[in-house]
Amino acid sequence: MDMSKFQKHHIAFAVACVIVLAITQHFAVLLGFIFLFGTPLFFMKELPPYATTVERIWQYLFLTICTFIFVFLITPIIIIIPLSFNAEPYFTFTDGMLSFESTAYSLRWYEDIFSNGMTNPDAVGSAWYSDMWNNAQWVRATRNSFFIAFFATIIATVLGTLAALGLSRPEMPYRGLITGLLISPMIVPLVITATGMFFFYSDIGLAKTFPGIILAHATLGIPFVIITVTATLSGFDRSLIRAAQSMGANGWTTFHKVIMPLIMPGMISGALFAFITSMDEVVAVIFLADVEQRTIPRQMFSGIREQISPTILAVATILVAISIALLTVLEMLRRRSERLRGLAPS
Amino acid sequence: MRILIDCRGKNMTSTTLDQGNTNADGVLLTSDGIPLKQKLVQTTKKARSRAFLLTLPLVLFLIISFVVPIGQMLFRSVHNPAGTNVLPNFAVAIKNWDGIGFPSEETFELFVKDMQIARKNREIGKTVGNLATRMNYAIPGSRSLFTSTSRKLSTITEGPYKEALFKIDKKWDNQIIWRNLKRVSSDYTIAFYLAALDHKYDDNGNIVAAEELYQIYVSNFFKTLRLSAIITFLCLIIAFPVSYLLSVLPLRTSNLLMILVLLPFWTSLLVRTTAWIAILQTQGVINDILVFIGLISDDGRIQMIYNQTGTIIAMVHILLPFMILPLFSVMKTIPVSYMRAARSMGATPFTAYRRVYFPLTLPGIAAGTLLVFILAIGYYITPALVGGEDGLLISNLIAYHIQKSLNWSLGAALGTILLVVVLVLYWLYNKLVGIDKLSFG
Amino acid sequence: MNLSKLLASTVVGVSLLAGATVTNAGEITVVSWGGAYTKSQVEAYHKPWMAKTGNSIKSEDYNGGSAEIKAQVEAGNVTWDIVDVELSDAIRACDEGLLETIDASTLPDGADGTPAATDFIEGTLHDCAVANIVWSTIFAYDKGKFPTAGPTTMADFFNVEKFPGKRGLRKGAKVNLEFALIADGVLAKDVYGVLATPEGVDRAFKKLDTIKGDVVWWEAGAQPPQLLADGEVSMTTAYNGRIFNAVAGEGKAFEIVWDGQVWDLDLWVIPKGTKNKELAMDFLKFSTATERLAAQASYISYGPARKSSGSLVGKYHNKDIDMGPQMPTNPDNLKNAVQNDFNFWADNADQLNERFNAWLAG
């Protein structure tokens, strides 16, 4: 790449920046401009050397569009984080926040997560803790969410893994039909599933109970377990089973010592999917749950519908942190799985 | 080869088929003396049932937790026994009425007596109120005729019952009521499917279109399909460039950028919906920015949420990963050398793209498009929260009938229609893409 | 790593997490409309009852309708012990056998010795329901938006040219159709007569058409004051008590317009099959006694359902505001008022809501 070209488009960009600043007279706008239109330049160097000027312009346009799309994807998730520290009950940046005044930021919405619903938020010591643990609405919702998600995940993972083992055997009869059935909870609109469950579970006394919701959430998590575990098994070298058996291992030993460790990453990521599905599920909870079983998403749903307060943003921020943690675990698992299966590390 | 393994698995110690083992007819025998062909059939069968047994617990689980509930809902859409529950004797008698004039005096007597029993009945499903509710669907506004009459019926102790009834309320002197009562006296009905398709029975029992002002469901189905198509299309054109970029960038960079796709995917649906409310509402971030840089005045804030626009923006954001991931996984398998080869043979970049690259991405496009469309068509939460009145989709109407209006049969009928549409698409997906191709991150 | 041990202890730990809430013998779940209204009930009913009986109350919010009651009763798993509902819902649920019957003769006499049957305002005692308050749907506006000459009639609410800005309306046919007819010049006493004819319904929807593009729809009672405060609307229909509380409690500059108000009753009902029927009945009797109803009126501007409570209604609990003039039943406020006709709505709600939904979507 010749030096002149490199400088040319950088000079052009600098000129554009000056023009933008002159027109809008806001540094914030300039920063946004530099980010959105400068980032693509950063990636331009990937171009093959034979590219023409038209291609270069096209490439720049393409990269700019991609930048905008990535911004579109990630902004909503990033933006709630600072907003949740707003000292005012608004859903937007106050002037104080933009000028980074410390008084414009506060933890009041995080405190509200704990105090909302408490009978006596001013108590001290253990009284405060037991009050918070038992009465604070968000705390109760969190406990319910984890409780439900935990058991739903176990059911979905155990049954799902077993079924995936069967499905991935070459001898599996009616494979298409059964796979279709097992994946269908993901495809059938949630409202229909929830309505059907609402009627049926009411008839058999499972509606408005924890087992009912756990059952519902396990059902909804199963497709994810099936998909991830089957995917792991598809790259599974079946000669390993033969090797184990030829050395005298019985069925259980083969599973326990050979299959299980190898599909473990798939199982765990399937379990994580089932877990997050349950943690995020709200339609079935709306139809099936009573106030006793109210979960975090359910609490958010009524909060958004009725009295929207930045407390929801604080909760959302915490949930984003959890998502990031789960995503990290998943990424580590993926790498481990590739390493174990002897694939090239990526 | 496969059978070989299974024989071994069974015997554990035996190592190979005894190649030299044949019986008198020259048929190959296995080591335990069974003809190979028979043994083959046996072991295949055993392997098949073993594989099936592994899936059996889950299949049974799903049948109880998922298939039966949905099946029961389908049943509810055609089965409504309010008539026979409340008026058991009358329901039998009126079946013999030919629908001309009025039913016989005996039928009237049974009606009055059944109503008197029902009036005292407090058992759920067998009260006058249940019948009144059911009849109110057939003849809007007839509920109070039933409830108020039932309060006065205790005065009637002897015939003629017909006159006595007409004396309580002259509205009973109307053949349409009795024709509808006859129809309601049957446990099975397609009336709710008619309602779900904006049709109804007219006074003479013919199926006709509902009055235009009351037509809502068919247009809502089409609106849902249209909105889903728009969302799917937007997802496709947005996902295509980024998927391409991700597939051509070096692994290290693309893995980093992939986080930007996966993080939204892993973030709670409600968090993302909340975020869009914060961004789009009239006092929200975008409007504030536009006011701040002077593009709009403080009074001229743009309404971007609680309408169709808000629904589309939020849903595109939520469903985008379901388009990017399949597209990306297909594009990643297309070697860069194909495009180079095309270029080297004189194709312009556009031709090379159109003739070589694009056709190769079609499986990814099919997978992503169908998946996003299927998911969009049944969406409930996001339209309910950011849709306002014109972002309401068919799912929201179903929920309305289940939770608010309590017309469960109509809700079930609407649900069944939606389910059929989705299952057809699902079948198509399986045909074109294969459900086993589904994968995440 | 001993996997099974780890798993077992995790299961135990998570089970503790949800901590099956032990319901002691004396706890009932009282369900009401949330926000300022529930607060007034907590102060006037719940706290004194808990202090007197030693039982506890779990307070739950909902948005009206009898769907949840129906679901619980039909599922045979009733967790709501006593619910605050609108009249038309009470009648319908009672007709369908979803509620316990309540013998009005067991209710306590008024403080002045009047038997309950005559002390309660006519039409407030029903087979399965006992009214506690008279409330009203009114419209209110933000004085900041109309500092000089604010709207004074229902017609003004529908006049977006003279009084610009968005309008808030409850999502549903009920009350909106009444308002539309009054704004169109129908006298309050004729409203249901007109609405019973197809032409009347057309006329109401035609009037609603004139502001359709300017409406923000709300569903929960807490939303309208919020919409006004956020500046999302310049006027909104609302429950009168919610607006009063935003003004008296939070110092908001909102003004209520009583012209064309549609008043209604809120009643206690007991879902059939509750395990705490005795306690729920005790709470019902306690809370609908003369003093309790009067006490509630000092927290929110809803009229007591007992005549004997009227004379006891004083000032707002912590401010020098006479509550009398704030009541929907105050003669000044009743000049052009409609009482919600529960029979009309029990008959026509299905059909009119259908048309309303079609109208909204169209």
# chains A, B, ... in the order shown; residues from 1 in each chain; ligands from 1

$ residues_around --residues "region 69-77 of chain C" --least-positions-apart "4" --cutoff "7 Å" --atoms "only C-alpha atoms" --output "PyMOL selection string"
(chain A and resi 202-203+205) or (chain C and resi 98+271-273)

$ write_last_selection --atoms "C-alpha atoms" --output "PDB file, in the first residue's frame"
ATOM      1  CA  SER A 202     -54.857 -26.022  36.138  1.00  0.00           C
ATOM      2  CA  ASP A 203     -56.765 -29.255  35.664  1.00  0.00           C
ATOM      3  CA  GLY A 205     -53.374 -28.836  40.105  1.00  0.00           C
TER       4      GLY A 205
ATOM      5  CA  LEU C  98     -66.713 -18.146  41.155  1.00  0.00           C
ATOM      6  CA  PRO C 271     -63.098 -16.281  45.625  1.00  0.00           C
ATOM      7  CA  LYS C 272     -64.834 -19.585  46.106  1.00  0.00           C
ATOM      8  CA  GLY C 273     -62.804 -22.275  47.796  1.00  0.00           C
TER       9      GLY C 273
END

$ select_by_dssp --residues "region 88-299 of chain A" --states "helix (DSSP H, G or I)" --output "number ranges by chain"
A: 95-98, 102-104, 108-115, 125-135, 137-167, 175-187, 190-203, 210-234, 239-246, 251-280, 283-288, 291-293, 296-299

$ write_last_selection --atoms "C-alpha atoms" --output "short mmCIF file (atom, residue, chain, number, x, y, z; two decimals), in the first residue's frame"
data_model
loop_
_atom_site.label_atom_id
_atom_site.label_comp_id
_atom_site.auth_asym_id
_atom_site.auth_seq_id
_atom_site.Cartn_x
_atom_site.Cartn_y
_atom_site.Cartn_z
CA ASP A 95 -27.17 17.48 32.08
CA GLY A 96 -25.30 16.68 35.27
CA MET A 97 -24.52 13.18 34.05
CA LEU A 98 -23.17 14.48 30.76
CA SER A 102 -20.64 13.24 40.89
CA THR A 103 -23.96 14.36 42.39
CA ALA A 104 -25.76 13.33 39.21
CA ARG A 108 -30.25 4.78 44.89
CA TRP A 109 -31.83 2.43 42.35
CA TYR A 110 -29.56 -0.37 43.46
CA GLU A 111 -30.58 0.30 47.04
CA ASP A 112 -34.17 0.28 45.88
CA ILE A 113 -33.73 -3.29 44.61
CA PHE A 114 -33.25 -4.32 48.22
CA SER A 115 -35.61 -1.96 49.97
CA GLY A 125 -28.61 -5.55 61.70
CA SER A 126 -30.14 -8.98 61.31
CA ALA A 127 -33.69 -7.64 61.31
CA TRP A 128 -32.86 -5.73 58.15
CA TYR A 129 -31.36 -8.80 56.51
CA SER A 130 -34.25 -11.12 57.29
CA ASP A 131 -36.72 -8.44 56.21
CA MET A 132 -34.80 -7.95 52.97
CA TRP A 133 -34.48 -11.69 52.38
CA ASN A 134 -38.15 -12.40 52.95
CA ASN A 135 -39.99 -9.30 51.83
CA GLN A 137 -39.81 -7.93 46.03
CA TRP A 138 -36.74 -8.12 43.83
CA VAL A 139 -34.90 -10.32 46.29
CA ARG A 140 -37.81 -12.73 46.41
CA ALA A 141 -38.06 -12.68 42.64
CA THR A 142 -34.36 -13.44 42.38
CA ARG A 143 -34.66 -16.37 44.75
CA ASN A 144 -37.62 -17.72 42.81
CA SER A 145 -35.82 -17.29 39.49
CA PHE A 146 -32.74 -19.18 40.64
CA PHE A 147 -34.79 -21.90 42.29
CA ILE A 148 -36.92 -22.50 39.22
CA ALA A 149 -34.03 -22.21 36.77
CA PHE A 150 -31.88 -24.61 38.77
CA PHE A 151 -34.34 -27.48 38.78
CA ALA A 152 -35.59 -26.81 35.27
CA THR A 153 -31.98 -26.95 34.07
CA ILE A 154 -31.30 -30.25 35.79
CA ILE A 155 -34.39 -31.89 34.29
CA ALA A 156 -33.74 -30.46 30.84
CA THR A 157 -30.06 -31.38 30.86
CA VAL A 158 -30.45 -34.95 32.09
CA LEU A 159 -33.36 -35.86 29.84
CA GLY A 160 -32.00 -33.82 26.94
CA THR A 161 -28.55 -35.40 27.06
CA LEU A 162 -29.98 -38.90 27.20
CA ALA A 163 -32.19 -38.18 24.24
CA ALA A 164 -29.34 -36.57 22.33
CA LEU A 165 -27.24 -39.69 22.86
CA GLY A 166 -30.06 -41.72 21.35
CA LEU A 167 -30.63 -39.30 18.50
CA ARG A 175 -35.07 -39.72 13.84
CA GLY A 176 -36.60 -36.86 11.88
CA LEU A 177 -39.96 -37.14 13.55
CA ILE A 178 -38.59 -37.39 17.07
CA THR A 179 -36.06 -34.60 16.60
CA GLY A 180 -38.91 -32.51 15.25
CA LEU A 181 -40.94 -33.18 18.36
CA LEU A 182 -38.08 -32.50 20.75
CA ILE A 183 -37.17 -29.19 19.13
CA SER A 184 -40.75 -28.01 18.81
CA PRO A 185 -41.02 -26.25 22.21
CA MET A 186 -38.63 -23.69 20.74
CA ILE A 187 -40.72 -23.24 17.61
CA LEU A 190 -44.88 -19.20 23.60
CA VAL A 191 -48.39 -17.89 23.98
CA ILE A 192 -49.77 -21.17 22.66
CA THR A 193 -47.53 -23.28 24.86
CA ALA A 194 -48.36 -21.15 27.88
CA THR A 195 -52.09 -21.21 27.17
CA GLY A 196 -52.13 -24.98 26.77
CA MET A 197 -50.11 -25.43 29.94
CA PHE A 198 -52.34 -22.99 31.79
CA PHE A 199 -55.45 -25.06 31.02
CA PHE A 200 -53.88 -28.47 31.53
CA TYR A 201 -51.80 -27.65 34.59
CA SER A 202 -54.86 -26.02 36.14
CA ASP A 203 -56.76 -29.26 35.66
CA PHE A 210 -43.31 -24.25 41.71
CA PRO A 211 -43.32 -27.76 40.17
CA GLY A 212 -45.65 -26.51 37.44
CA ILE A 213 -43.34 -23.69 36.45
CA ILE A 214 -40.26 -25.88 36.72
CA LEU A 215 -41.93 -28.37 34.39
CA ALA A 216 -42.81 -25.61 31.94
CA HIS A 217 -39.32 -24.15 31.98
CA ALA A 218 -37.68 -27.56 31.63
CA THR A 219 -39.83 -28.11 28.55
CA LEU A 220 -38.75 -24.82 27.05
CA GLY A 221 -35.08 -25.47 27.79
CA ILE A 222 -34.96 -28.94 26.29
CA PRO A 223 -34.51 -27.92 22.62
CA PHE A 224 -31.39 -25.98 23.53
CA VAL A 225 -29.86 -28.95 25.31
CA ILE A 226 -30.72 -31.24 22.42
CA ILE A 227 -29.22 -28.88 19.88
CA THR A 228 -25.96 -28.24 21.70
CA VAL A 229 -25.36 -31.82 22.83
CA THR A 230 -26.20 -33.26 19.41
CA ALA A 231 -23.79 -30.73 17.89
CA THR A 232 -21.04 -31.91 20.21
CA LEU A 233 -21.82 -35.53 19.43
CA SER A 234 -21.76 -34.90 15.69
CA SER A 239 -14.13 -45.20 17.20
CA LEU A 240 -13.33 -44.09 20.75
CA ILE A 241 -16.35 -46.09 21.93
CA ARG A 242 -15.12 -49.10 20.04
CA ALA A 243 -11.68 -48.66 21.51
CA ALA A 244 -13.12 -48.55 25.01
CA GLN A 245 -15.27 -51.58 24.44
CA SER A 246 -12.46 -53.53 22.87
CA GLY A 251 -21.71 -49.68 28.67
CA TRP A 252 -21.73 -47.58 31.81
CA THR A 253 -17.95 -47.39 32.07
CA THR A 254 -17.75 -46.40 28.43
CA PHE A 255 -20.27 -43.65 29.00
CA HIS A 256 -18.79 -42.50 32.27
CA LYS A 257 -15.12 -42.57 31.28
CA VAL A 258 -15.17 -41.86 27.57
CA ILE A 259 -18.37 -40.30 26.31
CA MET A 260 -19.22 -38.13 29.27
CA PRO A 261 -15.94 -36.19 29.54
CA LEU A 262 -15.99 -35.56 25.81
CA ILE A 263 -19.56 -34.30 25.62
CA MET A 264 -19.29 -32.47 28.93
CA PRO A 265 -18.64 -29.08 27.30
CA GLY A 266 -21.71 -29.58 25.11
CA MET A 267 -23.75 -30.62 28.12
CA ILE A 268 -22.66 -27.64 30.13
CA SER A 269 -23.33 -25.18 27.37
CA GLY A 270 -26.70 -26.84 26.82
CA ALA A 271 -27.36 -26.52 30.53
CA LEU A 272 -26.35 -22.87 30.42
CA PHE A 273 -28.78 -22.29 27.58
CA ALA A 274 -31.53 -24.04 29.50
CA PHE A 275 -30.67 -21.98 32.57
CA ILE A 276 -30.72 -18.67 30.75
CA THR A 277 -33.94 -19.66 28.98
CA SER A 278 -35.60 -20.21 32.32
CA MET A 279 -34.11 -17.05 33.82
CA ASP A 280 -35.39 -15.03 30.87
CA VAL A 283 -44.79 -15.71 29.12
CA ALA A 284 -45.25 -19.06 30.86
CA VAL A 285 -44.74 -17.33 34.18
CA ILE A 286 -47.41 -14.77 33.35
CA PHE A 287 -49.87 -17.54 32.62
CA LEU A 288 -48.84 -20.08 35.23
CA VAL A 291 -47.29 -13.93 43.20
CA GLU A 292 -45.53 -16.63 45.24
CA GLN A 293 -43.64 -17.74 42.14
CA ILE A 296 -37.24 -11.48 37.88
CA PRO A 297 -38.57 -11.17 34.31
CA ARG A 298 -42.14 -11.22 35.59
CA GLN A 299 -41.30 -8.45 38.02
#

$ closest_residue --among "A:Leu326, A:Arg335, A:Thr119, A:Tyr174" --to "chain C" --atoms "only C-alpha atoms"
A:Thr119

$ interface_residues --of "chain B" --to "chain A" --cutoff "6 Å" --atoms "only C-alpha atoms" --output "PDB file with C-alpha atoms, in the first residue's frame"
ATOM      1  CA  ARG B  48     -32.575 -49.425  17.150  1.00  0.00           C
ATOM      2  CA  ALA B  51     -31.311 -45.813  20.712  1.00  0.00           C
ATOM      3  CA  LEU B  54     -32.616 -43.369  25.295  1.00  0.00           C
ATOM      4  CA  THR B  55     -34.982 -40.809  23.848  1.00  0.00           C
ATOM      5  CA  LEU B  58     -37.759 -37.203  27.157  1.00  0.00           C
ATOM      6  CA  PRO B  69     -51.582 -29.451  27.087  1.00  0.00           C
ATOM      7  CA  ILE B  70     -51.547 -28.179  23.525  1.00  0.00           C
ATOM      8  CA  MET B  73     -56.212 -26.550  24.058  1.00  0.00           C
ATOM      9  CA  VAL B 242     -21.946  -8.270   9.334  1.00  0.00           C
ATOM     10  CA  TRP B 266     -27.421 -13.838  25.897  1.00  0.00           C
ATOM     11  CA  THR B 267     -28.997 -10.796  27.420  1.00  0.00           C
ATOM     12  CA  SER B 268     -32.497 -11.042  28.786  1.00  0.00           C
ATOM     13  CA  VAL B 271     -33.493  -6.085  29.499  1.00  0.00           C
ATOM     14  CA  ALA B 275     -33.263  -0.553  26.933  1.00  0.00           C
ATOM     15  CA  ALA B 278     -35.149   4.114  27.489  1.00  0.00           C
ATOM     16  CA  GLY B 284     -35.587   9.210  25.977  1.00  0.00           C
ATOM     17  CA  VAL B 285     -32.011   9.212  24.822  1.00  0.00           C
ATOM     18  CA  GLY B 378     -45.511 -15.830  17.648  1.00  0.00           C
ATOM     19  CA  GLY B 415     -54.145 -20.244  18.963  1.00  0.00           C
TER      20      GLY B 415
END

$ closest_residue --among "B:Ser77, B:Thr382, B:Thr369, B:Asn396" --to "chain C" --atoms "only C-alpha atoms"
B:Asn396

$ residues_around --residues "Ile377 (chain B)" --least-positions-apart "4" --cutoff "12 Å" --atoms "only C-alpha atoms" --output "compact mmCIF listing (two decimals) with N, CA and C atoms, in the first residue's frame"
# COMPACT_ATOMS: atom_id res chain seq x y z
N ILE A 187 -40.09 -23.76 18.82
CA ILE A 187 -40.72 -23.24 17.61
C ILE A 187 -42.16 -22.80 17.87
N VAL A 188 -42.89 -23.58 18.65
CA VAL A 188 -44.29 -23.25 18.91
C VAL A 188 -44.35 -21.92 19.68
N PRO A 189 -45.17 -20.98 19.20
CA PRO A 189 -45.25 -19.68 19.88
C PRO A 189 -45.52 -19.85 21.37
N LEU A 190 -44.79 -19.07 22.15
CA LEU A 190 -44.88 -19.20 23.60
C LEU A 190 -46.29 -19.02 24.13
N VAL A 191 -47.03 -18.12 23.49
CA VAL A 191 -48.39 -17.89 23.98
C VAL A 191 -49.22 -19.17 23.89
N ILE A 192 -49.01 -19.93 22.82
CA ILE A 192 -49.77 -21.17 22.66
C ILE A 192 -49.34 -22.19 23.70
N ASN B 220 -55.78 -8.99 11.53
CA ASN B 220 -54.65 -9.05 12.46
C ASN B 220 -53.68 -10.17 12.09
N PHE B 221 -54.22 -11.30 11.60
CA PHE B 221 -53.33 -12.36 11.13
C PHE B 221 -52.45 -11.83 10.01
N PHE B 222 -53.06 -11.12 9.08
CA PHE B 222 -52.27 -10.61 7.97
C PHE B 222 -51.28 -9.55 8.43
N LYS B 223 -51.73 -8.74 9.39
CA LYS B 223 -50.82 -7.73 9.93
C LYS B 223 -49.62 -8.41 10.58
N THR B 224 -49.89 -9.47 11.34
CA THR B 224 -48.80 -10.20 11.99
C THR B 224 -47.85 -10.78 10.95
N LEU B 225 -48.42 -11.36 9.89
CA LEU B 225 -47.57 -11.93 8.84
C LEU B 225 -46.75 -10.84 8.16
N ARG B 226 -47.41 -9.70 7.90
CA ARG B 226 -46.72 -8.62 7.21
C ARG B 226 -45.58 -8.08 8.07
N LEU B 227 -45.92 -7.85 9.36
CA LEU B 227 -44.91 -7.31 10.27
C LEU B 227 -43.75 -8.28 10.42
N SER B 228 -44.07 -9.57 10.51
CA SER B 228 -43.01 -10.59 10.63
C SER B 228 -42.14 -10.58 9.39
N ALA B 229 -42.79 -10.41 8.22
CA ALA B 229 -42.02 -10.38 6.97
C ALA B 229 -41.09 -9.18 6.95
N ILE B 230 -41.62 -8.03 7.38
CA ILE B 230 -40.78 -6.82 7.40
C ILE B 230 -39.58 -7.03 8.33
N ILE B 231 -39.88 -7.56 9.51
CA ILE B 231 -38.82 -7.78 10.49
C ILE B 231 -37.78 -8.76 9.96
N THR B 232 -38.27 -9.84 9.33
CA THR B 232 -37.35 -10.84 8.78
C THR B 232 -36.47 -10.23 7.69
N MET B 315 -37.84 -5.60 17.86
CA MET B 315 -37.86 -7.01 17.47
C MET B 315 -36.72 -7.35 16.51
N LEU B 319 -34.17 -10.31 17.36
CA LEU B 319 -34.09 -11.50 16.51
C LEU B 319 -32.84 -11.55 15.63
N LEU B 370 -36.25 -18.37 7.76
CA LEU B 370 -37.37 -19.15 8.30
C LEU B 370 -37.40 -19.10 9.83
N LEU B 371 -36.22 -19.21 10.44
CA LEU B 371 -36.17 -19.20 11.89
C LEU B 371 -36.69 -17.86 12.44
N VAL B 372 -36.20 -16.78 11.88
CA VAL B 372 -36.62 -15.46 12.37
C VAL B 372 -38.12 -15.26 12.13
N PHE B 373 -38.58 -15.68 10.96
CA PHE B 373 -40.00 -15.50 10.65
C PHE B 373 -40.87 -16.30 11.63
N THR B 382 -42.51 -8.42 23.50
CA THR B 382 -42.06 -7.13 22.99
C THR B 382 -43.21 -6.31 22.44
N PRO B 383 -44.08 -6.88 21.58
CA PRO B 383 -45.22 -6.08 21.14
C PRO B 383 -46.09 -5.61 22.31
N LEU B 392 -49.85 -4.42 18.11
CA LEU B 392 -50.36 -5.67 18.68
C LEU B 392 -50.41 -6.77 17.63
N LEU B 393 -49.86 -7.91 17.98
CA LEU B 393 -49.87 -9.04 17.06
C LEU B 393 -50.88 -10.08 17.53
N ILE B 394 -50.98 -11.14 16.75
CA ILE B 394 -52.01 -12.14 17.03
C ILE B 394 -51.81 -12.77 18.41
N SER B 395 -50.56 -12.94 18.82
CA SER B 395 -50.30 -13.49 20.15
C SER B 395 -50.94 -12.65 21.25
N ASN B 396 -50.88 -11.34 21.06
CA ASN B 396 -51.45 -10.46 22.08
C ASN B 396 -52.96 -10.60 22.15
N GLY B 415 -55.42 -19.58 18.72
CA GLY B 415 -54.14 -20.24 18.96
C GLY B 415 -53.94 -21.40 18.01
N LEU B 418 -52.94 -20.14 14.58
CA LEU B 418 -51.55 -19.70 14.60
C LEU B 418 -50.61 -20.91 14.62
N LEU B 419 -50.99 -21.90 15.42
CA LEU B 419 -50.15 -23.10 15.53
C LEU B 419 -50.01 -23.80 14.19
N VAL B 420 -51.11 -23.89 13.46
CA VAL B 420 -51.06 -24.55 12.15
C VAL B 420 -50.10 -23.81 11.22
N VAL B 421 -50.20 -22.47 11.21
CA VAL B 421 -49.31 -21.68 10.36
C VAL B 421 -47.85 -21.96 10.73
N VAL B 422 -47.57 -21.94 12.02
CA VAL B 422 -46.19 -22.14 12.47
C VAL B 422 -45.69 -23.54 12.14
N LEU B 423 -46.56 -24.53 12.33
CA LEU B 423 -46.13 -25.90 12.06
C LEU B 423 -45.84 -26.12 10.58
N LEU B 425 -44.69 -23.82 8.58
CA LEU B 425 -43.38 -23.21 8.37
C LEU B 425 -42.27 -24.09 8.93

$ interface_residues --of "chain B" --to "chain C" --cutoff "10 Å" --atoms "only C-alpha atoms" --output "PyMOL selection string"
chain B and resi 119+121-133+136-137+139-145+147-148+211-217+219-220+223+281-283+299+306+388-393+397+401-407

$ closest_residue --among "A:Arg339, A:Lys208, A:Arg238, A:His10" --to "chain C" --atoms "only C-alpha atoms"
A:Lys208

$ residues_around --residues "Met323 (chain C)" --least-positions-apart "3" --cutoff "8 Å" --atoms "only C-alpha atoms" --output "list in words"
Ala297, Ser298, Ser301, Val313, Gly314, Lys315, Tyr316, Gln326 and Met327 of chain C

$ write_last_selection --atoms "C-alpha atoms" --output "JSON list (two decimals), in the first residue's frame"
[["chain", "number", "residue", "atom", "x", "y", "z"],
["C", 297, "ALA", "CA", -61.36, 8.53, 52.96],
["C", 298, "SER", "CA", -58.64, 10.43, 54.79],
["C", 301, "SER", "CA", -60.56, 10.72, 47.76],
["C", 313, "VAL", "CA", -65.01, 12.08, 56.73],
["C", 314, "GLY", "CA", -62.62, 14.85, 57.68],
["C", 315, "LYS", "CA", -59.32, 16.06, 56.36],
["C", 316, "TYR", "CA", -56.51, 14.47, 54.38],
["C", 326, "GLN", "CA", -62.84, 15.79, 46.70],
["C", 327, "MET", "CA", -65.35, 12.94, 46.75]]
